[in-house]
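Structure data (mmCIF, C-alpha atoms) from start_29.cif:
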data_input
#
loop_
_atom_site.label_atom_id
_atom_site.label_comp_id
_atom_site.auth_asym_id
_atom_site.auth_seq_id
_atom_site.Cartn_x
_atom_site.Cartn_y
_atom_site.Cartn_z
CA MET A 1 -31.53 54.82 -107.12
CA ASN A 2 -27.86 55.32 -108.01
CA GLU A 3 -27.40 58.96 -107.03
CA PRO A 4 -26.52 60.49 -103.64
CA ARG A 5 -29.61 61.66 -101.80
CA MET A 6 -30.28 63.89 -98.80
CA THR A 7 -31.54 62.57 -95.47
CA GLY A 8 -31.66 64.03 -91.99
CA SER A 9 -28.03 63.03 -91.40
CA GLY A 10 -26.68 64.32 -94.72
CA PRO A 11 -25.85 62.86 -98.15
CA VAL A 12 -26.12 59.08 -98.41
CA VAL A 13 -23.85 57.27 -100.87
CA PRO A 14 -25.41 54.11 -102.37
CA ARG A 15 -23.28 50.97 -102.45
CA GLY A 16 -23.04 51.00 -106.25
CA LEU A 17 -21.49 54.49 -106.26
CA ALA A 18 -19.09 53.51 -103.53
CA GLU A 19 -17.85 50.56 -105.60
CA ARG A 20 -17.46 52.73 -108.72
CA ALA A 21 -15.60 55.35 -106.67
CA ARG A 22 -13.13 52.72 -105.52
CA ASP A 23 -12.67 51.44 -109.08
CA ILE A 24 -12.05 54.98 -110.38
CA SER A 25 -9.71 55.76 -107.50
CA ASP A 26 -7.71 52.60 -108.21
CA GLY A 27 -7.57 53.28 -111.95
CA ARG A 28 -9.76 50.34 -112.96
CA LEU A 29 -12.52 52.53 -114.36
CA ALA A 30 -12.67 55.84 -116.22
CA PRO A 31 -15.34 58.41 -115.23
CA ALA A 32 -18.25 58.88 -117.64
CA VAL A 33 -18.22 62.08 -119.69
CA PRO A 34 -20.93 64.50 -118.45
CA ARG A 35 -23.60 65.77 -120.85
CA ASP A 36 -24.63 69.43 -120.90
CA ALA A 37 -27.97 70.07 -119.19
CA ALA A 38 -30.04 72.99 -117.94
CA THR A 39 -32.46 73.45 -115.06
CA VAL A 40 -34.83 76.31 -114.25
CA ILE A 41 -35.84 77.20 -110.70
CA LEU A 42 -39.40 78.44 -111.18
CA LEU A 43 -40.50 80.83 -108.43
CA ARG A 44 -43.71 82.54 -107.39
CA GLN A 45 -44.76 84.87 -104.59
CA ALA A 46 -47.01 83.33 -101.93
CA VAL A 47 -49.03 84.85 -99.12
CA ASP A 48 -48.16 83.40 -95.73
CA ALA A 49 -51.40 83.74 -93.80
CA ARG A 50 -49.91 82.24 -90.63
CA ALA A 51 -46.99 84.64 -90.56
CA GLY A 52 -49.05 87.56 -91.83
CA GLY A 53 -46.60 88.27 -94.63
CA VAL A 54 -45.49 87.33 -98.11
CA GLY A 55 -43.04 84.57 -98.93
CA PHE A 56 -42.24 82.61 -102.04
CA GLU A 57 -42.39 79.07 -103.38
CA ALA A 58 -40.36 77.01 -105.82
CA PHE A 59 -41.83 74.47 -108.23
CA LEU A 60 -40.60 70.90 -107.76
CA LEU A 61 -41.38 67.84 -109.85
CA ARG A 62 -41.50 64.33 -108.41
CA ARG A 63 -39.84 61.98 -110.85
CA THR A 64 -41.41 58.58 -111.48
CA ALA A 65 -39.95 55.57 -109.69
CA GLU A 66 -39.28 53.78 -113.00
CA LEU A 67 -36.75 56.30 -114.31
CA GLU A 68 -33.09 55.35 -114.48
CA PHE A 69 -31.80 58.71 -113.21
CA ALA A 70 -32.96 60.03 -109.82
CA PRO A 71 -36.19 57.98 -109.55
CA GLY A 72 -38.66 59.34 -107.00
CA ALA A 73 -36.60 62.46 -106.31
CA TYR A 74 -38.03 65.97 -106.25
CA VAL A 75 -36.23 68.16 -108.79
CA PHE A 76 -36.53 71.46 -110.60
CA PRO A 77 -37.73 71.29 -114.23
CA GLY A 78 -34.85 70.60 -116.59
CA GLY A 79 -32.91 68.03 -118.54
CA SER A 80 -30.09 67.37 -120.96
CA GLY A 81 -29.39 69.41 -124.05
CA ASP A 82 -30.46 68.54 -127.57
CA ALA A 83 -28.76 69.23 -130.90
CA SER A 84 -31.69 71.47 -131.89
CA ASP A 85 -30.93 73.81 -128.98
CA ALA A 86 -27.99 75.21 -130.95
CA ASP A 87 -30.26 76.44 -133.81
CA PRO A 88 -28.97 79.97 -134.65
CA GLY A 89 -32.31 80.87 -136.20
CA LEU A 90 -34.16 80.87 -132.89
CA GLY A 91 -35.29 84.41 -131.99
CA TRP A 92 -34.08 86.14 -128.82
CA ALA A 93 -35.38 89.09 -126.81
CA GLY A 94 -32.98 89.95 -124.01
CA PRO A 95 -29.29 89.29 -123.32
CA ASP A 96 -27.71 87.70 -126.38
CA PRO A 97 -25.54 84.55 -126.37
CA ALA A 98 -22.36 86.60 -126.02
CA GLU A 99 -23.65 88.19 -122.81
CA PHE A 100 -24.70 84.84 -121.40
CA ALA A 101 -21.32 83.44 -122.40
CA VAL A 102 -19.66 85.87 -119.98
CA LEU A 103 -22.08 85.00 -117.17
CA LEU A 104 -21.82 81.25 -117.70
CA ASP A 105 -18.08 81.27 -118.53
CA VAL A 106 -18.56 79.29 -121.75
CA PRO A 107 -18.27 80.10 -125.50
CA PRO A 108 -21.28 81.93 -127.04
CA ASP A 109 -22.47 78.93 -129.06
CA ARG A 110 -22.54 76.78 -125.93
CA ALA A 111 -24.29 79.55 -124.00
CA ARG A 112 -26.97 79.72 -126.73
CA ALA A 113 -27.59 75.99 -126.50
CA LEU A 114 -27.79 76.05 -122.70
CA VAL A 115 -30.30 78.92 -122.62
CA CYS A 116 -32.43 77.23 -125.29
CA ALA A 117 -32.26 73.93 -123.39
CA ALA A 118 -33.39 75.70 -120.22
CA VAL A 119 -36.45 77.19 -121.92
CA ARG A 120 -37.29 74.02 -123.88
CA GLU A 121 -36.96 71.64 -120.93
CA THR A 122 -38.99 73.94 -118.68
CA PHE A 123 -41.79 74.02 -121.23
CA GLU A 124 -41.68 70.26 -121.73
CA GLU A 125 -41.57 69.37 -118.03
CA SER A 126 -43.73 72.09 -116.46
CA GLY A 127 -45.74 73.64 -119.30
CA VAL A 128 -44.29 77.08 -118.55
CA LEU A 129 -42.98 78.89 -121.63
CA LEU A 130 -40.53 81.78 -121.18
CA ALA A 131 -41.26 83.43 -124.50
CA GLY A 132 -43.23 86.25 -126.07
CA ALA A 133 -43.87 88.06 -129.34
CA SER A 134 -41.26 90.72 -128.47
CA HIS A 135 -39.05 91.99 -125.66
CA ASP A 136 -42.05 93.60 -123.94
CA ASP A 137 -44.51 90.75 -124.52
CA LEU A 138 -44.93 87.47 -122.68
CA VAL A 139 -47.01 84.35 -123.25
CA SER A 140 -49.83 84.61 -120.72
CA ASP A 141 -51.63 81.30 -121.32
CA SER A 142 -49.31 78.34 -121.79
CA VAL A 143 -52.30 75.95 -121.57
CA ALA A 144 -53.22 77.07 -125.09
CA LEU A 145 -49.86 75.68 -126.22
CA ALA A 146 -50.58 72.14 -125.01
CA ALA A 147 -50.32 70.69 -128.53
CA ASP A 148 -46.89 72.29 -128.94
CA ARG A 149 -45.78 70.83 -125.63
CA HIS A 150 -46.88 67.37 -126.77
CA ALA A 151 -44.99 67.83 -130.05
CA LEU A 152 -41.78 68.69 -128.21
CA LEU A 153 -42.14 65.74 -125.84
CA ALA A 154 -42.77 63.39 -128.76
CA GLY A 155 -39.80 64.73 -130.70
CA ALA A 156 -42.10 65.82 -133.51
CA ALA A 157 -40.97 69.47 -133.37
CA SER A 158 -38.08 71.57 -132.14
CA LEU A 159 -38.35 74.63 -129.93
CA ALA A 160 -37.35 76.81 -132.90
CA GLU A 161 -40.20 75.34 -134.97
CA VAL A 162 -42.74 75.85 -132.19
CA LEU A 163 -41.74 79.46 -131.58
CA GLY A 164 -41.54 80.17 -135.32
CA ARG A 165 -45.10 78.95 -135.92
CA ARG A 166 -46.37 81.07 -133.05
CA GLY A 167 -44.35 84.18 -133.91
CA LEU A 168 -42.55 84.02 -130.55
CA VAL A 169 -39.00 84.67 -129.37
CA LEU A 170 -37.14 83.59 -126.25
CA ARG A 171 -37.43 86.02 -123.34
CA THR A 172 -33.87 85.46 -122.21
CA ASP A 173 -34.08 88.44 -119.86
CA LEU A 174 -36.31 86.32 -117.60
CA LEU A 175 -33.46 83.91 -116.81
CA THR A 176 -31.02 84.62 -113.98
CA PRO A 177 -27.95 82.33 -114.03
CA TRP A 178 -27.68 80.73 -110.61
CA ALA A 179 -25.24 77.81 -110.41
CA ARG A 180 -23.42 75.03 -112.23
CA TRP A 181 -23.36 71.48 -110.85
CA ILE A 182 -21.48 68.51 -112.27
CA THR A 183 -22.51 64.98 -111.33
CA PRO A 184 -19.88 63.13 -109.22
CA GLU A 185 -17.30 61.18 -111.23
CA ALA A 186 -18.48 57.94 -109.59
CA SER A 187 -21.93 58.22 -111.18
CA PRO A 188 -22.49 56.03 -114.25
CA ARG A 189 -24.64 58.74 -115.82
CA ARG A 190 -23.32 62.27 -115.49
CA PHE A 191 -24.55 65.78 -116.30
CA ASP A 192 -22.92 69.20 -116.43
CA THR A 193 -25.95 71.25 -115.39
CA TRP A 194 -26.45 75.01 -115.38
CA PHE A 195 -29.18 76.30 -113.03
CA PHE A 196 -31.23 79.39 -113.87
CA ALA A 197 -33.85 81.17 -111.75
CA ALA A 198 -37.06 82.61 -113.26
CA ALA A 199 -40.37 83.94 -111.99
CA LEU A 200 -43.57 82.19 -113.06
CA PRO A 201 -45.04 84.41 -115.82
CA PRO A 202 -48.44 85.95 -114.98
CA GLY A 203 -51.33 83.84 -116.26
CA GLN A 204 -49.26 80.68 -116.71
CA ALA A 205 -49.54 77.54 -114.61
CA ALA A 206 -46.94 74.87 -113.86
CA THR A 207 -47.94 71.21 -114.13
CA ALA A 208 -46.21 67.85 -114.39
CA ALA A 209 -45.65 66.43 -117.87
CA PRO A 210 -48.93 65.51 -119.62
CA GLU A 211 -50.06 61.90 -119.71
CA GLY A 212 -49.37 59.71 -122.72
CA HIS A 213 -45.62 60.28 -123.02
CA ALA A 214 -43.04 57.71 -121.93
CA ASP A 215 -40.34 60.36 -121.87
CA PRO A 216 -37.17 59.83 -119.75
CA GLY A 217 -37.78 63.15 -118.04
CA GLU A 218 -41.43 62.46 -117.27
CA SER A 219 -42.59 63.31 -113.76
CA GLU A 220 -45.65 61.99 -112.01
CA SER A 221 -46.57 65.13 -110.07
CA GLY A 222 -45.53 68.67 -109.27
CA ALA A 223 -45.81 70.88 -106.21
CA TRP A 224 -45.14 74.47 -105.16
CA LEU A 225 -43.17 74.39 -101.92
CA ARG A 226 -41.42 76.89 -99.74
CA PRO A 227 -37.70 76.08 -99.72
CA ALA A 228 -37.60 75.70 -95.93
CA SER A 229 -40.63 73.37 -95.99
CA ALA A 230 -39.07 71.14 -98.66
CA LEU A 231 -35.82 70.89 -96.71
CA GLU A 232 -37.71 70.05 -93.52
CA ALA A 233 -39.66 67.31 -95.33
CA ALA A 234 -36.40 65.85 -96.67
CA ARG A 235 -34.86 65.81 -93.20
CA ALA A 236 -37.98 64.01 -91.93
CA GLY A 237 -37.65 61.37 -94.66
CA GLN A 238 -40.87 62.47 -96.35
CA MET A 239 -39.26 63.34 -99.68
CA THR A 240 -35.99 62.75 -101.51
CA LEU A 241 -33.77 65.62 -102.66
CA LEU A 242 -30.55 65.28 -104.60
CA PRO A 243 -27.72 67.33 -103.06
CA PRO A 244 -27.75 70.11 -105.73
CA THR A 245 -31.50 70.58 -105.23
CA ALA A 246 -31.17 70.67 -101.45
CA VAL A 247 -28.24 73.11 -101.55
CA THR A 248 -30.11 75.36 -103.99
CA LEU A 249 -33.22 75.38 -101.79
CA GLY A 250 -31.03 76.39 -98.87
CA GLU A 251 -29.58 79.26 -100.92
CA LEU A 252 -33.05 80.42 -101.96
CA ALA A 253 -34.27 80.36 -98.36
CA ARG A 254 -31.77 83.08 -97.49
CA HIS A 255 -33.66 85.59 -99.67
CA ALA A 256 -36.80 87.50 -98.73
CA ASP A 257 -38.76 87.27 -101.98
CA VAL A 258 -38.64 86.53 -105.70
CA PRO A 259 -37.33 89.98 -106.76
CA ALA A 260 -34.42 89.60 -104.32
CA ILE A 261 -33.54 86.23 -105.82
CA LEU A 262 -33.68 87.49 -109.40
CA ALA A 263 -31.53 90.49 -108.48
CA HIS A 264 -28.84 88.19 -107.06
CA ARG A 265 -25.82 87.76 -109.34
CA PRO A 266 -23.79 84.77 -108.14
CA VAL A 267 -20.47 83.93 -109.74
CA ILE A 268 -20.98 80.75 -111.76
CA THR A 269 -18.23 78.27 -110.98
CA PRO A 270 -18.40 74.47 -111.41
CA ARG A 271 -19.47 72.57 -108.30
CA LEU A 272 -18.37 68.96 -108.41
CA PRO A 273 -19.44 66.79 -105.45
CA LYS A 274 -16.98 63.98 -104.84
CA VAL A 275 -17.50 60.46 -103.57
CA VAL A 276 -14.49 60.08 -101.28
CA VAL A 277 -13.13 56.71 -100.12
CA GLU A 278 -10.98 57.01 -96.98
CA ASP A 279 -9.95 54.22 -94.64
CA GLY A 280 -12.63 51.97 -96.08
CA ARG A 281 -15.37 54.53 -95.49
CA VAL A 282 -17.32 56.30 -98.23
CA ARG A 283 -18.71 59.81 -97.96
CA LEU A 284 -19.97 62.53 -100.27
CA HIS A 285 -18.04 65.77 -100.14
CA LEU A 286 -20.03 68.84 -101.26
CA PRO A 287 -18.15 71.84 -102.66
CA PRO A 288 -18.50 75.29 -101.03
CA ALA A 289 -20.94 77.83 -102.43
CA GLY A 290 -19.69 80.40 -104.91
CA GLY A 291 -19.48 84.16 -104.45
CA GLU A 292 -21.44 87.04 -105.93
CA ARG A 293 -20.68 89.27 -108.90
CA ALA A 294 -19.80 92.85 -108.21
#

Spell out the structure here as structure tokens.
Amino acid sequence: MNEPRMTGSGPVVPRGLAERARDISDGRLAPAVPRDAATVILLRQAVDARAGGVGFEAFLLRRTAELEFAPGAYVFPGGSGDASDADPGLGWAGPDPAEFAVLLDVPPDRARALVCAAVRETFEESGVLLAGASHDDLVSDSVALAADRHALLAGAASLAEVLGRRGLVLRTDLLTPWARWITPEASPRRFDTWFFAAALPPGQAATAAPEGHADPGESESGAWLRPASALEAARAGQMTLLPPTAVTLGELARHADVPAILAHRPVITPRLPKVVVEDGRVRLHLPPAGGERA
């Protein structure tokens, strides 16, 4: 694993990243250019029988140990962008690219691609499709779209083609922009990732990627976990969380339920963790959390 990970004592910096950080700091190596990516924090309400109340859970995928990026880590569904995500012919129902551009602080064409990437990657990695026939309709059985999910994973179809065949449009109103994280400069493989929050649509189920696809984003399993429970398991060494995932879970845990999370309007500013080399010691410095929109 070549990415910082969370343990009970905080972020751990692997030796390889420490060496790259020193090379970059000394001018012997240039940082890799980050690729645009999108992640969706899928949420659902959950009854807490022990506490006698209602809480919520987030869907996390466990990535296979063979993957080059973040092997074995628990992550939210998502991945890097694709050229097809910029297709202007893809139907929308909800805030248009110009509105998302303001929220994400990027040009409209880039905002369009990021929103499309978020929906596409979520469908590929979890089977959940944030789309419907119109602004007041929503896909209620994503299992029936299994063949379309396979086609996307195999690269045999684009999201625009899948939605066009089904007479569907993106339900962009279901996505709440949450954060933007950029992989540390010391990482050999970097991503500029926008996080969105969304509630699990009624009737749909989230699952790990279907078998039979050797896709770089393939995950071996998925689980619905309360944010506090996932953080506790990471501190106990029972699961691996990358810093952005752990920080996001901590932010989610401060809210009472899914509606409260989706009503939150954080200011989206880039968060760039840094691998810092000082006096021969290496540590990971995490940026402070952003504010909230008025």

Note to self: Once the PyMOL selection byres ((chain A and resi 142-159) around 7) is applied to the coordinates I shared, what remains selected? I want it as an MDAnalysis selection string.
What the structure shows: chainID A and resid 84 120 123:124 127:129 139:141 160:163 204 215

Identify all residues satisfying the PyMOL selection byres ((chain A and resi 134) around 9) in the given file; provide them as a VMD selection string.
chain A and resid 92 to 93 131 to 133 135 to 138 168 to 171

Which residues are close to Ala113 in chain A, i.e. within 9 Å by all atoms listed in the file, leaving aside same-chain residues fewer than 3 positions away? Reply as a PyMOL selection string.
chain A and resi 81-87+97+108-110+116-118

**Residue IDs satisfying the PyMOL selection byres ((chain A and resi 37) around 6), as a list in words** = Asp36, Ala38, Gly79, Ser80, Gly81, Asp192 and Thr193 of chain A

Could you take the residues named above and write them with C-alpha atoms, as a short mmCIF file (atom, residue, chain, number, x, y, z; two decimals), keeping the file's coordinate frame?
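Below is the file selection-v8.cif, written as the result:
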data_model
loop_
_atom_site.label_atom_id
_atom_site.label_comp_id
_atom_site.auth_asym_id
_atom_site.auth_seq_id
_atom_site.Cartn_x
_atom_site.Cartn_y
_atom_site.Cartn_z
CA ASP A 36 -24.63 69.43 -120.90
CA ALA A 38 -30.04 72.99 -117.94
CA GLY A 79 -32.91 68.03 -118.54
CA SER A 80 -30.09 67.37 -120.96
CA GLY A 81 -29.39 69.41 -124.05
CA ASP A 192 -22.92 69.20 -116.43
CA THR A 193 -25.95 71.25 -115.39
#

For CA of Ala230 in chain A and CA of Ile261 in chain A, the interatomic separation in Å (one decimal):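 A separation of 17.6 Å between them.
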
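In this structure, CA of Leu103 in chain A sits 19.9 Å away from CA of Gly91 in chain A.
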
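You can rank A:Val258, A:Gly222, A:Leu284, A:Val247 by their closest distance to Ala73 in chain A using only C-alpha atoms, and at the top of that list sits A:Gly222.
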
In Å and to one decimal, CA of Thr245 in chain A is distant from CA of Tyr74 in chain A by 8.1 Å

Q | For Glu99 in chain A, the nearest of the candidates A:Val40, A:Thr172, A:Arg35, A:Glu232, counting all atoms listed in the file | A |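 Closest candidate: A:Thr172.
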
Review point. Given the choices A:Ser219, A:Thr176, A:Ser187, A:Thr39, which gets closest to Ala263 in chain A if the distance is worked out from all atoms listed in the file?
Key: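 Answer, going by the shortest atom-to-atom distance: A:Thr176.
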
Excluding range 177-184 of chain A and its own-chain neighbours fewer than 6 positions away, which residues fall within 8 Å of it when counting all atoms listed in the file? Please give them as an mmCIF file with C-alpha atoms, keeping the file's coordinate frame.
data_model
loop_
_atom_site.group_PDB
_atom_site.id
_atom_site.type_symbol
_atom_site.label_atom_id
_atom_site.label_comp_id
_atom_site.auth_asym_id
_atom_site.auth_seq_id
_atom_site.Cartn_x
_atom_site.Cartn_y
_atom_site.Cartn_z
ATOM 1 C CA PRO A 34 -20.930 64.500 -118.450
ATOM 2 C CA LEU A 103 -22.080 85.000 -117.170
ATOM 3 C CA LEU A 104 -21.820 81.250 -117.700
ATOM 4 C CA ARG A 190 -23.320 62.270 -115.490
ATOM 5 C CA PHE A 191 -24.550 65.780 -116.300
ATOM 6 C CA ASP A 192 -22.920 69.200 -116.430
ATOM 7 C CA THR A 193 -25.950 71.250 -115.390
ATOM 8 C CA TRP A 194 -26.450 75.010 -115.380
ATOM 9 C CA PHE A 195 -29.180 76.300 -113.030
ATOM 10 C CA PHE A 196 -31.230 79.390 -113.870
ATOM 11 C CA ALA A 197 -33.850 81.170 -111.750
ATOM 12 C CA PRO A 244 -27.750 70.110 -105.730
ATOM 13 C CA ARG A 265 -25.820 87.760 -109.340
ATOM 14 C CA PRO A 266 -23.790 84.770 -108.140
ATOM 15 C CA VAL A 267 -20.470 83.930 -109.740
ATOM 16 C CA ILE A 268 -20.980 80.750 -111.760
ATOM 17 C CA THR A 269 -18.230 78.270 -110.980
ATOM 18 C CA PRO A 270 -18.400 74.470 -111.410
ATOM 19 C CA ARG A 271 -19.470 72.570 -108.300
ATOM 20 C CA LEU A 272 -18.370 68.960 -108.410
ATOM 21 C CA PRO A 273 -19.440 66.790 -105.450
ATOM 22 C CA LYS A 274 -16.980 63.980 -104.840
ATOM 23 C CA VAL A 275 -17.500 60.460 -103.570
#

Step by step, gather every atom of range 69-85 of chain A that the file lists, find the box along x, y and z that holds them, add 6 Å on each side, and finally give centre and edge lengths in Å to one decimal, as lines of an AutoDock Vina configuration file.
center_x = -33.7
center_y = 65.9
center_z = -119.1
size_x = 21.9
size_y = 27.8
size_z = 37.6

Point to revise | Spatial neighbours of Arg226 in chain A, max dist 10 Å, all atoms listed in the file, sep filter under 2 positions, as a PyMOL selection string | key: chain A and resi 43-46+55-59+223-224+228-232+249+252-253

Among the residues A:Ala208, A:Leu42, A:Ala98, A:Ala30, the one that comes closest to Thr64 in chain A [using only C-alpha atoms]:
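Counting only C-alpha atoms, the residue closest to Thr64 in chain A is A:Ala208.
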